[in-house]
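> Following this message is one structure expressed as structure tokens.
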Amino acid sequence: MENEKLNEELYEVPEKPDFTEELLSLIRSDVNGLELKDKLSEYHDYDIAEVIPLLEPNERKKLYKVLGVEDVSDVFAYLDDVEDYLAELDDEK
């Protein structure tokens, strides 16, 4: 019985933290661009990608500008439908 419980604990998958509200609040804050980029660097690209559909177009544009082309492309790698969001990027990018 003790071994069974130990085996269950070994194979238990931990719950993934949900950073949605935290990220939305951060992106929607008045934090300046450099500070925002620094704070966003603490999150995984997947977590940032999860909030993209929840943002207003102007909020996404702010995010794209702060992250820069390379980081935006890393975040976009985690999106299923990237076409709509690509259209929001500046043409030169």
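Here, A, B, ... name the chains of the structure tokens in the order displayed, residue numbers run from 1 inside each chain, and ligands are numbered from 1 in the same displayed order.
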Would you pick out the contacts of stretch 48-60 of chain A at 9 Å or less, using only C-alpha atoms, so that residues sharing its chain but fewer than 2 positions from it are not included, and give the list as a list in words?

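Counting only the stated atoms, we get Phe19, Thr20, Glu21, Leu23, Leu24, Ile27, Arg28, Leu40, Tyr43, His44, Asp45, Tyr46, Lys62, Leu63, Tyr64, Lys65, Val75, Phe76, Ala77, Tyr78, Leu79, Tyr85 and Glu88 of chain A.
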
> Considering only alpha helix (DSSP H) as DSSP defines it on the backbone, what residues of chain A qualify? List them as a PyMOL selection string.

chain A and resi 2-10+20-27+33-40+45-51+57-67+69-76+83-86

> So which residues touch A:Asp38 within 12 Å, counting only C-alpha atoms, skipping near sequence neighbours fewer than 4 positions away, as a PyMOL selection string?

chain A and resi 26-27+31-34+42-43+66-67

> Would you compute the distance between atom CA of A:Ser29 and atom CA of A:Asp71? Give it in Å to one decimal.

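Taking atom CA of A:Ser29 as the start and atom CA of A:Asp71 as the end point, the length is 19.9 Å.
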
> Quick one: of A:Asp18, A:Val69, A:Lys61, A:Glu12, who's nearest to A:Ala87, counting only C-alpha atoms?

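Among the listed residues, the smallest separation from A:Ala87 belongs to A:Lys61.
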
> Nearest to A:Asp90 among A:Ser25, A:Asp47, A:Gly68, A:Lys16, with distances taken over only C-alpha atoms: which residue is it?

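Of A:Ser25, A:Asp47, A:Gly68, A:Lys16, the one nearest A:Asp90 is A:Gly68, counting only C-alpha atoms.
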
> For atom CA of A:Lys39 and atom CA of A:Leu89, determine how far apart the two atoms are, in Å to one decimal place.

21.9 Å
